[in-house]
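coords_38.txt follows; it contains compact mmCIF, C-alpha atoms.
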# COMPACT_ATOMS: atom_id res chain seq x y z
CA MET S 1 22.60 -3.83 37.05
CA THR S 2 19.87 -2.35 39.21
CA HIS S 3 17.60 0.55 38.28
CA GLU S 4 19.47 2.68 40.82
CA GLU S 5 22.74 1.97 39.05
CA PHE S 6 21.20 2.90 35.71
CA GLU S 7 19.84 6.10 37.29
CA ALA S 8 23.36 6.96 38.43
CA ILE S 9 24.60 6.54 34.86
CA ALA S 10 21.68 8.63 33.59
CA ALA S 11 22.75 11.44 35.94
CA LEU S 12 26.24 11.44 34.40
CA ASP S 13 24.89 11.07 30.87
CA ALA S 14 22.78 14.22 31.29
CA ILE S 15 25.94 16.33 31.51
CA GLY S 16 27.81 14.28 28.92
CA ALA S 17 30.02 12.64 31.56
CA ALA S 18 29.06 9.00 31.08
CA THR S 19 31.68 6.80 29.46
CA LEU S 20 30.92 5.18 26.10
CA ASP S 21 30.34 1.81 27.79
CA GLU S 22 28.03 3.36 30.38
CA GLU S 23 26.13 5.20 27.65
CA ARG S 24 25.72 1.99 25.63
CA MET S 25 24.47 0.00 28.65
CA LEU S 26 22.09 2.80 29.59
CA ASN S 27 20.59 3.03 26.12
CA GLU S 28 20.10 -0.73 25.99
CA HIS S 29 18.31 -0.59 29.33
CA LEU S 30 16.19 2.43 28.41
CA ALA S 31 14.84 0.62 25.40
CA SER S 32 12.80 -1.53 27.76
CA CYS S 33 12.47 0.56 30.94
CA GLU S 34 9.90 3.33 30.95
CA SER S 35 10.71 4.31 34.54
CA CYS S 36 14.40 4.86 33.82
CA ARG S 37 13.53 6.72 30.59
CA ARG S 38 11.51 9.19 32.69
CA THR S 39 14.42 9.55 35.13
CA ARG S 40 16.83 10.12 32.23
CA ASP S 41 14.54 12.86 30.84
CA GLU S 42 14.35 14.51 34.27
CA PHE S 43 18.13 14.50 34.64
CA ALA S 44 18.46 15.94 31.13
CA GLU S 45 16.06 18.73 32.03
CA ALA S 46 17.84 19.31 35.37
CA ALA S 47 21.20 19.63 33.62
CA THR S 48 19.87 22.61 31.65
CA LEU S 49 19.63 24.52 34.93
CA LEU S 50 23.40 24.90 34.61
CA ALA S 51 22.78 26.89 31.44
CA ARG S 52 19.73 28.68 32.77
CA GLN S 53 21.70 30.06 35.68
CA LEU S 54 23.72 32.15 33.24
CA GLU S 55 22.75 35.80 32.86
CA PRO S 56 21.27 36.03 29.36
CA VAL S 57 23.34 37.85 26.79
CA ALA S 58 21.63 39.40 23.80
CA PRO S 59 23.23 38.33 20.55
CA PRO S 60 23.86 40.97 17.85
CA ALA S 61 20.72 42.10 16.03
CA ASP S 62 22.03 40.98 12.65
CA ILE S 63 22.19 37.38 13.91
CA ARG S 64 18.43 37.38 14.28
CA THR S 65 18.03 38.81 10.78
CA ARG S 66 20.48 36.27 9.33
CA ILE S 67 18.74 33.35 11.01
CA VAL S 68 15.26 34.46 9.95
CA ASP S 69 16.50 35.04 6.39
CA THR S 70 18.09 31.60 6.38
CA ILE S 71 14.97 29.78 7.48
CA GLU S 72 12.82 31.75 5.03
CA GLU S 73 15.23 30.87 2.21
CA ASP S 74 15.17 27.26 3.35
CA ASP S 75 11.40 27.45 3.44
CA GLU S 76 11.28 28.80 -0.11
CA GLU S 77 13.74 26.15 -1.30
CA GLU S 78 11.71 23.52 0.49
CA ASN S 79 8.54 24.82 -1.17
CA VAL S 80 10.25 24.65 -4.55
CA ILE S 81 11.50 21.14 -3.78
CA ARG S 82 8.07 20.17 -2.50
CA ALA S 83 6.46 21.66 -5.59
CA GLU S 84 8.98 19.90 -7.82
CA GLY S 85 8.42 16.75 -5.80
CA ARG S 86 4.70 17.11 -6.22
CA PHE S 87 5.16 17.71 -9.93
CA ARG S 88 7.51 14.74 -10.20
CA ASN S 89 5.18 12.66 -8.09
CA ARG S 90 2.23 13.70 -10.22
CA TRP S 91 4.19 13.05 -13.38
CA TRP S 92 5.24 9.65 -12.18
CA LEU S 93 1.79 8.92 -10.86
CA ALA S 94 0.23 9.95 -14.16
CA THR S 95 2.78 7.90 -16.09
CA ALA S 96 2.35 4.93 -13.80
CA ALA S 97 -1.44 5.22 -13.99
CA THR S 98 -1.34 5.47 -17.78
CA LEU S 99 0.98 2.48 -18.04
CA PHE S 100 -1.17 0.54 -15.64
CA LEU S 101 -4.32 1.36 -17.56
CA ALA S 102 -2.63 0.54 -20.86
CA LEU S 103 -1.34 -2.78 -19.53
CA TRP S 104 -4.64 -3.55 -17.88
CA GLY S 105 -6.52 -2.64 -21.06
CA TRP S 106 -4.15 -4.74 -23.16
CA ARG S 107 -4.53 -7.64 -20.76
CA GLU S 108 -8.32 -7.30 -20.78
CA PHE S 109 -8.27 -7.09 -24.56
CA GLY S 110 -6.08 -10.19 -24.67
CA VAL S 111 -8.37 -12.03 -22.29
CA ARG S 112 -11.41 -11.00 -24.29
CA VAL S 113 -9.83 -12.06 -27.57
CA THR S 114 -8.81 -15.37 -26.00
CA ARG S 115 -12.33 -15.90 -24.66
CA GLU S 116 -13.86 -15.07 -28.04
CA HIS S 117 -11.38 -17.39 -29.71
CA MET S 118 -12.21 -20.14 -27.22
CA LYS S 119 -15.93 -19.58 -27.75
CA SER S 120 -15.45 -19.71 -31.48
CA GLN S 121 -13.38 -22.90 -31.16
CA GLU S 122 -15.97 -24.42 -28.83
CA ALA S 123 -18.69 -23.56 -31.35
CA GLN S 124 -16.63 -25.08 -34.13
CA ILE S 125 -16.04 -28.21 -32.04
CA ALA S 126 -19.78 -28.45 -31.30
CA GLU S 127 -20.56 -27.96 -34.97
CA LEU S 128 -18.02 -30.59 -35.99
CA GLN S 129 -19.35 -32.93 -33.32
CA SER S 130 -22.85 -32.41 -34.66
CA GLU S 131 -21.65 -33.05 -38.19
CA LEU S 132 -19.84 -36.14 -36.99
CA ASN S 133 -22.98 -37.42 -35.27
CA SER S 134 -24.93 -36.66 -38.36
CA LEU S 135 -22.39 -38.49 -40.53
CA ARG S 136 -22.41 -41.42 -38.13
CA GLN S 137 -26.20 -41.56 -38.30
CA HIS S 138 -26.02 -41.29 -42.04
CA ASP S 139 -23.40 -44.01 -42.09
CA ASP S 140 -25.58 -46.22 -39.90
CA LYS S 141 -28.52 -45.52 -42.13
CA LEU S 142 -26.53 -46.35 -45.26
CA ALA S 143 -25.18 -49.48 -43.63
CA SER S 144 -28.70 -50.44 -42.66
CA GLU S 145 -29.98 -49.71 -46.13
CA MET S 146 -27.14 -51.68 -47.70
CA ALA S 147 -27.82 -54.53 -45.32
CA ALA S 148 -31.50 -54.46 -46.21
CA LEU S 149 -30.76 -54.39 -49.91
CA ALA S 150 -28.14 -57.13 -49.72
CA ALA S 151 -30.05 -59.50 -47.47
CA ALA S 152 -31.00 -62.79 -49.07
CA ASP S 153 -34.61 -62.70 -47.91
CA THR S 154 -35.27 -59.06 -48.81
CA LYS S 155 -38.60 -58.51 -50.47
CA THR S 156 -39.43 -55.53 -52.69
CA ILE S 157 -42.70 -53.66 -52.77
CA ALA S 158 -43.34 -50.98 -55.38
CA LEU S 159 -45.52 -47.95 -54.68
CA THR S 160 -46.89 -46.06 -57.61
CA GLY S 161 -47.95 -42.47 -58.09
CA GLN S 162 -51.57 -41.61 -57.63
CA GLN S 163 -53.71 -38.81 -58.96
CA ALA S 164 -52.01 -36.17 -56.82
CA SER S 165 -48.55 -37.13 -58.15
CA PRO S 166 -48.71 -39.51 -61.05
CA SER S 167 -44.98 -39.47 -61.74
CA ALA S 168 -43.99 -40.27 -58.21
CA ALA S 169 -42.75 -43.71 -57.24
CA ALA S 170 -41.30 -45.53 -54.29
CA ARG S 171 -39.63 -48.85 -53.65
CA VAL S 172 -39.74 -50.65 -50.32
CA TYR S 173 -37.00 -53.15 -49.43
CA LEU S 174 -38.40 -55.28 -46.67
CA GLU S 175 -36.48 -57.62 -44.37
CA PRO S 176 -39.19 -59.78 -42.81
CA ALA S 177 -36.83 -61.53 -40.41
CA ARG S 178 -35.71 -58.23 -38.89
CA ARG S 179 -39.13 -56.56 -39.32
CA ARG S 180 -37.32 -53.69 -40.93
CA ALA S 181 -37.62 -51.91 -44.29
CA VAL S 182 -35.83 -49.23 -46.31
CA VAL S 183 -38.02 -47.07 -48.52
CA PHE S 184 -36.75 -44.92 -51.43
CA PHE S 185 -39.16 -42.19 -52.62
CA GLN S 186 -38.76 -40.42 -55.99
CA ASN S 187 -40.43 -37.51 -57.81
CA LEU S 188 -42.78 -36.50 -55.09
CA PRO S 189 -43.84 -32.84 -55.13
CA VAL S 190 -41.74 -30.74 -52.74
CA ASN S 191 -43.79 -30.48 -49.58
CA ALA S 192 -44.60 -27.10 -48.05
CA LYS S 193 -42.71 -26.15 -44.89
CA ASP S 194 -45.79 -26.68 -42.73
CA LYS S 195 -46.48 -30.09 -44.25
CA SER S 196 -44.84 -33.51 -44.12
CA TYR S 197 -45.37 -36.69 -46.04
CA GLN S 198 -46.53 -39.61 -43.95
CA LEU S 199 -46.28 -43.34 -44.88
CA TRP S 200 -49.13 -45.52 -43.72
CA ILE S 201 -49.35 -49.26 -43.34
CA ILE S 202 -52.76 -50.68 -43.93
CA ARG S 203 -52.94 -53.85 -41.89
CA ALA S 204 -55.10 -56.84 -42.46
CA ASP S 205 -55.74 -57.28 -38.79
CA GLN S 206 -56.62 -53.67 -37.93
CA PRO S 207 -59.27 -51.38 -39.33
CA LYS S 208 -57.22 -48.20 -39.09
CA PRO S 209 -53.96 -47.41 -40.87
CA GLN S 210 -50.76 -47.37 -38.82
CA SER S 211 -48.12 -44.68 -39.27
CA ALA S 212 -44.81 -46.06 -40.55
CA GLY S 213 -42.92 -42.78 -40.67
CA VAL S 214 -42.89 -39.07 -41.51
CA PHE S 215 -40.54 -37.52 -44.06
CA ASP S 216 -39.74 -34.48 -46.17
CA VAL S 217 -38.43 -34.69 -49.69
CA THR S 218 -35.47 -32.92 -51.19
CA ASN S 219 -35.75 -30.33 -53.94
CA ASN S 220 -35.66 -33.25 -56.39
CA GLY S 221 -38.62 -34.87 -54.69
CA ASN S 222 -36.54 -37.72 -53.27
CA ALA S 223 -36.36 -39.16 -49.76
CA THR S 224 -35.21 -42.32 -47.99
CA ILE S 225 -36.51 -43.64 -44.69
CA VAL S 226 -35.86 -46.72 -42.59
CA ILE S 227 -38.80 -48.33 -40.88
CA GLU S 228 -38.24 -50.37 -37.71
CA ASN S 229 -40.63 -52.75 -35.88
CA LEU S 230 -42.77 -53.45 -38.87
CA PRO S 231 -45.73 -55.75 -38.48
CA VAL S 232 -45.13 -59.25 -39.73
CA GLU S 233 -45.45 -59.56 -43.45
CA THR S 234 -48.71 -61.45 -43.32
CA GLU S 235 -50.36 -58.62 -41.43
CA MET S 236 -49.34 -55.93 -44.01
CA LYS S 237 -51.96 -55.40 -46.61
CA ALA S 238 -50.93 -52.21 -48.39
CA LEU S 239 -48.80 -49.04 -48.09
CA ALA S 240 -49.87 -45.49 -48.88
CA VAL S 241 -48.52 -41.91 -48.59
CA THR S 242 -50.51 -38.80 -47.72
CA LEU S 243 -49.51 -35.16 -47.11
CA GLU S 244 -50.20 -34.21 -43.51
CA PRO S 245 -49.51 -31.35 -41.09
CA LYS S 246 -45.83 -30.91 -40.21
CA GLY S 247 -44.57 -33.68 -37.95
CA GLY S 248 -47.35 -36.11 -38.80
CA VAL S 249 -50.63 -37.14 -37.25
CA GLU S 250 -52.17 -40.18 -35.53
CA GLN S 251 -54.52 -40.95 -38.39
CA PRO S 252 -54.71 -39.67 -41.97
CA THR S 253 -56.56 -36.36 -42.23
CA ASN S 254 -57.39 -36.88 -45.90
CA SER S 255 -57.65 -39.58 -48.58
CA ASN S 256 -55.62 -37.75 -51.19
CA PHE S 257 -52.97 -40.43 -51.72
CA PHE S 258 -49.68 -39.57 -53.37
CA LEU S 259 -48.36 -43.14 -53.49
CA MET S 260 -49.91 -46.50 -52.95
CA GLY S 261 -48.96 -50.15 -53.31
CA ASN S 262 -49.92 -53.63 -52.13
CA SER S 263 -47.52 -55.74 -50.15
CA MET C 1 11.35 29.78 30.77
CA GLU C 2 8.15 28.80 28.98
CA THR C 3 6.59 28.09 32.33
CA VAL C 4 4.96 31.48 31.95
CA ASN C 5 4.76 31.35 28.18
CA GLU C 6 3.01 29.16 25.71
CA ALA C 7 5.27 26.67 23.91
CA LEU C 8 6.14 27.93 20.46
CA LEU C 9 7.74 24.87 18.90
CA PRO C 10 4.44 23.26 17.81
CA SER C 11 3.70 26.40 15.75
CA VAL C 12 7.27 26.47 14.46
CA ALA C 13 6.86 22.85 13.40
CA ARG C 14 3.94 23.98 11.25
CA GLY C 15 6.20 26.50 9.51
CA ASP C 16 5.05 29.59 11.41
CA THR C 17 7.91 32.06 11.00
CA THR C 18 6.31 34.54 13.40
CA ALA C 19 6.38 31.86 16.10
CA PHE C 20 9.98 31.14 15.17
CA GLU C 21 10.93 34.80 15.65
CA ALA C 22 9.16 34.76 19.00
CA LEU C 23 11.07 31.59 19.89
CA TYR C 24 14.30 33.33 19.04
CA ASP C 25 13.41 36.38 21.12
CA ARG C 26 12.47 34.20 24.05
CA HIS C 27 15.52 31.93 24.16
CA SER C 28 18.38 33.50 22.22
CA GLY C 29 19.77 35.36 25.26
CA THR C 30 20.15 32.19 27.32
CA LEU C 31 21.50 30.17 24.41
CA TYR C 32 23.97 32.84 23.43
CA ALA C 33 25.17 33.14 27.04
CA LEU C 34 25.60 29.36 27.14
CA LEU C 35 27.56 29.32 23.90
CA LEU C 36 29.76 32.20 25.01
CA ARG C 37 30.45 30.29 28.20
CA ILE C 38 31.36 27.14 26.31
CA LEU C 39 33.24 28.67 23.39
CA ALA C 40 34.47 31.94 24.89
CA ASN C 41 34.39 33.43 21.41
CA PRO C 42 31.58 35.66 20.08
CA GLU C 43 32.03 34.69 16.44
CA ASP C 44 31.96 30.96 17.20
CA ALA C 45 29.05 31.46 19.59
CA GLN C 46 27.07 33.37 16.98
CA GLU C 47 27.81 30.74 14.36
CA VAL C 48 26.65 27.96 16.67
CA LEU C 49 23.67 30.02 17.77
CA GLN C 50 22.62 30.33 14.13
CA GLU C 51 23.10 26.58 13.61
CA THR C 52 21.07 25.90 16.73
CA PHE C 53 18.06 27.91 15.60
CA VAL C 54 18.20 26.60 12.05
CA LYS C 55 18.22 23.09 13.50
CA ALA C 56 15.31 24.02 15.76
CA TRP C 57 13.42 25.23 12.67
CA THR C 58 14.04 22.04 10.71
CA ASN C 59 13.65 19.62 13.63
CA ALA C 60 10.80 21.29 15.52
CA LYS C 61 8.54 18.34 14.73
CA MET C 62 10.81 16.14 16.82
CA PHE C 63 10.17 18.14 19.98
CA ASP C 64 8.21 16.06 22.48
CA PRO C 65 6.80 18.16 25.34
CA ALA C 66 6.26 14.95 27.33
CA ARG C 67 10.03 14.49 27.55
CA GLY C 68 10.97 17.99 28.62
CA SER C 69 10.56 21.73 28.21
CA GLU C 70 11.07 23.78 25.10
CA ALA C 71 13.97 25.59 26.76
CA ALA C 72 15.66 22.33 27.72
CA TRP C 73 15.28 21.04 24.13
CA LEU C 74 16.92 24.17 22.70
CA ILE C 75 19.64 24.24 25.38
CA SER C 76 20.49 20.59 24.66
CA ILE C 77 20.92 21.36 20.95
CA ALA C 78 23.04 24.45 21.63
CA ARG C 79 25.17 22.75 24.27
CA SER C 80 25.78 19.69 22.09
CA ARG C 81 26.79 21.82 19.08
CA GLY C 82 28.85 24.12 21.27
CA ILE C 83 30.81 21.22 22.78
CA ASP C 84 31.34 19.76 19.29
CA LYS C 85 32.70 23.11 18.15
CA LEU C 86 34.89 23.34 21.24
CA ARG C 87 36.35 19.89 20.67
CA SER C 88 37.04 20.62 17.02
CA ARG C 89 38.85 23.79 18.09
CA LYS C 90 40.81 21.85 20.69
CA ILE C 91 41.96 19.52 17.95
CA ARG C 92 43.11 22.56 15.98
CA GLY C 93 44.82 23.79 19.17
CA ASP C 94 43.57 27.33 18.87
CA ARG C 95 41.23 27.48 21.78
CA GLU C 96 41.21 30.85 23.49
CA ASN C 97 42.41 31.10 27.08
CA ASP C 98 40.13 31.76 30.01
CA ALA C 99 41.07 35.42 30.15
CA GLY C 100 39.72 35.98 26.70
CA ARG C 101 36.37 34.46 27.69
CA GLU C 102 35.41 37.13 30.15
CA ILE C 103 36.05 39.86 27.61
CA SER C 104 33.91 38.06 25.03
CA ILE C 105 30.98 37.44 27.34
CA HIS C 106 30.68 41.07 28.34
CA SER C 107 31.11 42.55 24.89
CA SER C 108 28.24 44.86 24.06
CA PHE C 109 25.74 44.27 21.26
CA VAL C 110 22.45 45.71 20.24
CA ASP C 111 19.80 43.80 22.14
CA SER C 112 17.03 42.73 19.78
CA THR C 113 14.88 40.95 22.34
CA THR C 114 11.93 42.69 23.90
CA GLY C 115 12.10 44.18 27.35
CA ALA C 116 9.65 41.61 28.67
CA ASP C 117 11.72 38.69 27.35
CA ARG C 118 14.87 40.15 28.81
CA ALA C 119 13.26 40.69 32.19
CA ILE C 120 11.86 37.16 32.32
CA GLN C 121 15.16 35.57 31.28
CA SER C 122 17.05 37.61 33.81
CA GLN C 123 14.65 36.79 36.66
CA GLU C 124 14.79 33.10 35.88
CA SER C 125 18.56 32.95 35.67
CA SER C 126 18.75 34.74 38.98
CA ALA C 127 16.37 32.23 40.57
CA VAL C 128 18.32 29.30 39.13
CA ARG C 129 21.60 30.75 40.36
CA SER C 130 20.11 31.09 43.77
CA ALA C 131 19.00 27.45 43.73
CA LEU C 132 22.34 26.20 42.46
CA SER C 133 24.18 28.16 45.09
CA GLU C 134 22.97 25.53 47.52
CA LEU C 135 25.11 22.96 45.73
CA PRO C 136 28.41 22.22 47.45
CA GLU C 137 31.17 24.02 45.57
CA ALA C 138 33.03 20.80 44.75
CA GLN C 139 29.91 19.27 43.18
CA ARG C 140 29.08 22.44 41.23
CA VAL C 141 32.62 22.69 39.83
CA ALA C 142 32.62 19.05 38.72
CA LEU C 143 29.25 19.48 37.02
CA GLU C 144 30.26 22.68 35.27
CA LEU C 145 33.52 21.19 33.99
CA ALA C 146 31.56 18.39 32.42
CA TYR C 147 28.69 20.56 31.18
CA PHE C 148 30.48 23.65 29.88
CA GLU C 149 33.85 22.20 28.97
CA GLY C 150 32.78 18.77 27.81
CA LEU C 151 35.38 17.06 29.98
CA SER C 152 35.15 13.35 30.75
CA GLN C 153 35.14 11.90 34.28
CA SER C 154 38.83 11.04 34.07
CA GLU C 155 39.72 14.46 32.62
CA ILE C 156 37.92 16.18 35.48
CA ALA C 157 39.59 13.89 38.02
CA GLU C 158 42.96 14.71 36.52
CA LYS C 159 42.26 18.44 36.35
CA LEU C 160 41.07 18.56 39.95
CA GLY C 161 43.63 16.07 41.24
CA GLU C 162 40.92 13.87 42.74
CA PRO C 163 40.28 10.12 42.45
CA LEU C 164 37.96 9.14 39.58
CA GLY C 165 35.46 7.52 41.96
CA THR C 166 35.26 10.71 44.03
CA ILE C 167 34.52 12.81 40.95
CA LYS C 168 31.91 10.35 39.76
CA THR C 169 30.15 10.40 43.12
CA ARG C 170 30.27 14.20 43.30
CA MET C 171 28.70 14.54 39.90
CA GLN C 172 25.99 11.99 40.66
CA LEU C 173 25.13 13.67 43.95
CA GLY C 174 25.17 17.09 42.28
CA MET C 175 22.80 15.92 39.55
CA LYS C 176 20.41 14.42 42.11
CA LYS C 177 20.24 17.80 43.82
CA LEU C 178 19.71 19.56 40.50
CA ARG C 179 16.90 17.15 39.74
CA GLU C 180 15.30 17.93 43.09
CA ARG C 181 15.61 21.69 42.46
CA LEU C 182 14.14 21.28 38.99
CA ARG C 183 10.67 21.03 40.56
CA ASP C 184 10.97 24.68 41.59
CA PHE C 185 11.25 25.71 37.95
CA LYS C 186 8.61 23.49 36.37

When written as C-alpha cells, how does the structure in this file appear?
Amino acid sequence: MTHEEFEAIAALDAIGAATLDEERMLNEHLASCESCRRTRDEFAEAATLLARQLEPVAPPADIRTRIVDTIEEDDEEENVIRAEGRFRNRWWLATAATLFLALWGWREFGVRVTREHMKSQEAQIAELQSELNSLRQHDDKLASEMAALAAADTKTIALTGQQASPSAAARVYLEPARRRAVVFFQNLPVNAKDKSYQLWIIRADQPKPQSAGVFDVTNNGNATIVIENLPVETEMKALAVTLEPKGGVEQPTNSNFFLMGNS
Amino acid sequence: METVNEALLPSVARGDTTAFEALYDRHSGTLYALLLRILANPEDAQEVLQETFVKAWTNAKMFDPARGSEAAWLISIARSRGIDKLRSRKIRGDRENDAGREISIHSSFVDSTTGADRAIQSQESSAVRSALSELPEAQRVALELAYFEGLSQSEIAEKLGEPLGTIKTRMQLGMKKLRERLRDFK
C-alpha cells in the first residue's frame, strides 16, 4: 500500500470508522513510518473539531465536587499505598541487605578460616618436610658413620682430654681410602652460645693447623661429626680441639686445647 | 481551546489538584456537551464525564503535547468512553430515542465554570461551527454518524442508503477538509 492509501485509512480511523483489518494494517505501518504517524495525529486532532463545534454545556456543580473528591481520595489512597510500598520496600531492602551482609560475612569468615587452615597445613607440611630432610641427613650421616665403622681398613685415633677438660675424650674412625672420618666426642664442657668447638688437623707438610670442622655439644657434652676430604694419612700428624668464636675461625685464636691426639 | 491558555496536564501529572480543577473548568463544558450528544442521557453523560476526568488525572503523564492538544486528548478519552457506553446500552436495548436527546441536552444545571471559561468555550465552538459549515452536508452527516454514533462504514451506508464506497470516499474527503481547517484553530 502507498502512503496515500494509509493516510486515507488514518482519516477514517480518526473518527472510528476504519475496519478492524484497516486499523491493523495502519498500526503495522505506523510502527515504522514517522510521516504517516504525524498525519494520523493531525487527523485525530481534526476529528475533535466535530466535538468542539458543540455549544458547551455546563455539567451540574456536584459533578465537579464528586470528581475532585474522587481524585483526592485516590491521591490519599495512592499516598498510603506509596507509603506502604516504601515501607515494604525499605523492609525488604533492609532484610535483603542484612541477609546479604550476613551471607557475605559468613562467606568471608569461611574463606578466612579456609585460608588460615591452608596456611597452617602449609606450615605443617613445611615443618614435616624440614623434619624429613633432617631425618634423611641424619640417616645419611648414620649410614656414613656405620660405613666408616664397618669398613675393613678403618683406623682409630683416640683423642684425650687436656687441662681444660681432663675427662673429655674423642674417638676418630678414619677411612683412608675415602679420605673420610667419623669423630665421636664425649664429656666436653657445654659450650656457650657464642662459642663453638673446632677440630684442627696438624699436618706434617704445613706449618699451620687446618680446620676439620666446627661443632656444638649436647647437654651431655657429646657430639658426632663427619669429616670429608681429609688429607692423606701420611700428612696427618695430630688432631686437637679448641673453643673458638661461634661458627669457627681460620686459625686457632688460643692454645687452650680441650682434646688432643696423634694420628 | 488551550490555544489561549497554558496547558494544564503537565501540572496535573505532577499531582497538582488546583491545576486539575482548572482543567475541569476549562474543558468540562465541551466534554459534557459531547457526551450528551453521544449518549443523549444526562446521568450517563455525567457518569462518563466523571470517568473521563478521573482517567485524565491518573493518565496525565501519558499526554504528549507533540502529538496533539490538551483538548483533543481529553475529547478522545471522552468520546471513546462515551461510544463504549453507547454500545453497551445498545446491547441492553435501552437506548433513548432521538427525541429524548434534545430534552437532555438543554436541561438546566448550575454552571460551575467561570464566566471567562464559558465565554472562551462558546466563542471557539461558534468558530468551529462556522468552519464546519463549509463542509458539504453529505460529508458532515457521514462524519457525525461515525463520530457521535460510533457507526461503522457499512452501518452508515445502510442507514443512508448509499454504496459503501461512496460513504468511505465522503468520510475521507470530509476528514481532509477538517484537517485543513484545523490550522485555523491551532

Test item: residues at most 9 Å from Leu39 in chain C, only C-alpha atoms, excluding those fewer than 3 positions along its chain, as number ranges by chain: C: 34-36, 42, 44-45, 82-83, 85-86, 95-96, 101, 148-149

Restrict the calculation to all atoms listed in the file, then for each residue of chain S with any atom at most 10 Å from an atom of chain C give the closest atom pair and their distance in Å to one decimal, rows by chain and rising residue number, as a Markdown table.
| residue | atom | partner | partner_atom | distance |
| --- | --- | --- | --- | --- |
| S:Glu7 | CA | C:Gln172 | CA | 9.2 |
| S:Ala8 | CA | C:Gln172 | CA | 6.1 |
| S:Ile9 | CA | C:Gln172 | CA | 8.1 |
| S:Ala10 | CA | C:Gln172 | CA | 8.9 |
| S:Ala11 | CA | C:Gln172 | CA | 5.8 |
| S:Leu12 | CA | C:Gln172 | CA | 6.3 |
| S:Asp13 | CA | C:Gln172 | CA | 9.9 |
| S:Ala14 | CA | C:Met175 | CA | 8.4 |
| S:Ile15 | CA | C:Tyr147 | CA | 5.1 |
| S:Gly16 | CA | C:Ala146 | CA | 6.6 |
| S:Ala17 | CA | C:Ser152 | CA | 5.2 |
| S:Ala18 | CA | C:Gln153 | CA | 7.5 |
| S:Thr19 | CA | C:Ser152 | CA | 7.5 |
| S:Arg37 | CA | C:Arg67 | CA | 9.0 |
| S:Arg38 | CA | C:Arg67 | CA | 7.5 |
| S:Thr39 | CA | C:Arg179 | CA | 9.2 |
| S:Arg40 | CA | C:Arg67 | CA | 9.3 |
| S:Asp41 | CA | C:Arg67 | CA | 5.8 |
| S:Glu42 | CA | C:Arg179 | CA | 6.6 |
| S:Phe43 | CA | C:Arg179 | CA | 5.9 |
| S:Ala44 | CA | C:Ala72 | CA | 7.8 |
| S:Glu45 | CA | C:Ala72 | CA | 5.6 |
| S:Ala46 | CA | C:Arg179 | CA | 5.0 |
| S:Ala47 | CA | C:Leu178 | CA | 7.0 |
| S:Thr48 | CA | C:Ala72 | CA | 5.8 |
| S:Leu49 | CA | C:Val128 | CA | 6.5 |
| S:Leu50 | CA | C:Glu144 | CA | 7.2 |
| S:Ala51 | CA | C:Leu34 | CA | 5.7 |
| S:Arg52 | CA | C:Ser125 | CA | 5.3 |
| S:Gln53 | CA | C:Ser125 | CA | 4.3 |
| S:Leu54 | CA | C:Ser125 | CA | 5.8 |
| S:Glu55 | CA | C:Ser125 | CA | 5.8 |
| S:Pro56 | CA | C:Gly29 | CA | 4.4 |
| S:Val57 | CA | C:Gly29 | CA | 4.6 |
| S:Ala58 | CA | C:Gly29 | CA | 4.7 |
| S:Pro59 | CA | C:Tyr32 | CA | 6.2 |
| S:Pro60 | CA | C:Phe109 | CA | 5.1 |
| S:Ala61 | CA | C:Ser112 | CA | 5.3 |
| S:Asp62 | CA | C:Ser112 | CA | 8.9 |
| S:Ile63 | CA | C:Gln46 | CA | 7.0 |
| S:Arg64 | CA | C:Tyr24 | CA | 7.5 |
| S:Thr65 | CA | C:Glu21 | CA | 9.5 |
| S:Arg66 | CA | C:Gln50 | CA | 7.9 |
| S:Ile67 | CA | C:Gln50 | CA | 5.8 |
| S:Val68 | CA | C:Glu21 | CA | 7.2 |
| S:Thr70 | CA | C:Val54 | CA | 7.6 |
| S:Ile71 | CA | C:Val54 | CA | 6.4 |
| S:Glu72 | CA | C:Thr17 | CA | 7.7 |
| S:Asp74 | CA | C:Thr58 | CA | 9.1 |
| S:Asp75 | CA | C:Gly15 | CA | 8.0 |

Work out how far apart CA of Ala212 in chain S and CA of Gln137 in chain S are and give it in Å to one decimal.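 Computing it gives 19.3 Å between the two atoms.
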
Quote the spacing between CA of Val232 in chain S and CA of Asp139 in chain S in Å to one decimal place.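 For CA of Val232 in chain S relative to CA of Asp139 in chain S, the distance reads 26.6 Å.
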
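You can rank S:Phe109, S:Gly221, S:Glu250, S:Trp200 by their closest distance to Phe184 in chain S using only C-alpha atoms, and at the top of that list sits S:Gly221.
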
Cut-off 8 Å: closest range 192-230 of chain S/range 168-180 of chain S atom pairs per residue, using only C-alpha atoms, as a Markdown table:
| residue | atom | partner | partner_atom | distance |
| --- | --- | --- | --- | --- |
| S:Val226 | CA | S:Arg180 | CA | 7.3 |
| S:Ile227 | CA | S:Arg180 | CA | 5.6 |
| S:Glu228 | CA | S:Arg180 | CA | 4.7 |
| S:Asn229 | CA | S:Arg179 | CA | 5.3 |
| S:Leu230 | CA | S:Arg179 | CA | 4.8 |

What's the separation between CA of Lys195 in chain S and CA of Val183 in chain S, in Å to one decimal place?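 Pair CA of Lys195 in chain S / CA of Val183 in chain S returns 19.4 Å.
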
Dig up all the protein and nucleic acid residues within 12 Å of (-53.5, -34.4, -43.2) in the file frame, using all atoms listed in the file, and format them as a PyMOL selection string. chain S and resi 194-200+214+241-257

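Comparing C:Phe63, C:Ala13, C:Ala22, C:Arg89 by their smallest distance to Asn41 in chain C, the closest is C:Arg89 (using all atoms listed in the file).
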
Residue completion, range 135-139 of chain C, N, CA and C atoms, as a short mmCIF file (atom, residue, chain, number, x, y, z; two decimals), in the frame of the given file:
data_model
loop_
_atom_site.label_atom_id
_atom_site.label_comp_id
_atom_site.auth_asym_id
_atom_site.auth_seq_id
_atom_site.Cartn_x
_atom_site.Cartn_y
_atom_site.Cartn_z
N LEU C 135 24.25 24.12 46.02
CA LEU C 135 25.11 22.96 45.73
C LEU C 135 26.47 23.15 46.38
N PRO C 136 27.02 22.11 46.96
CA PRO C 136 28.41 22.22 47.45
C PRO C 136 29.33 22.63 46.30
N GLU C 137 30.28 23.48 46.59
CA GLU C 137 31.17 24.02 45.57
C GLU C 137 31.85 22.92 44.76
N ALA C 138 32.30 21.89 45.43
CA ALA C 138 33.03 20.80 44.75
C ALA C 138 32.12 20.10 43.72
N GLN C 139 30.86 19.91 44.12
CA GLN C 139 29.91 19.27 43.18
C GLN C 139 29.63 20.20 42.00
#
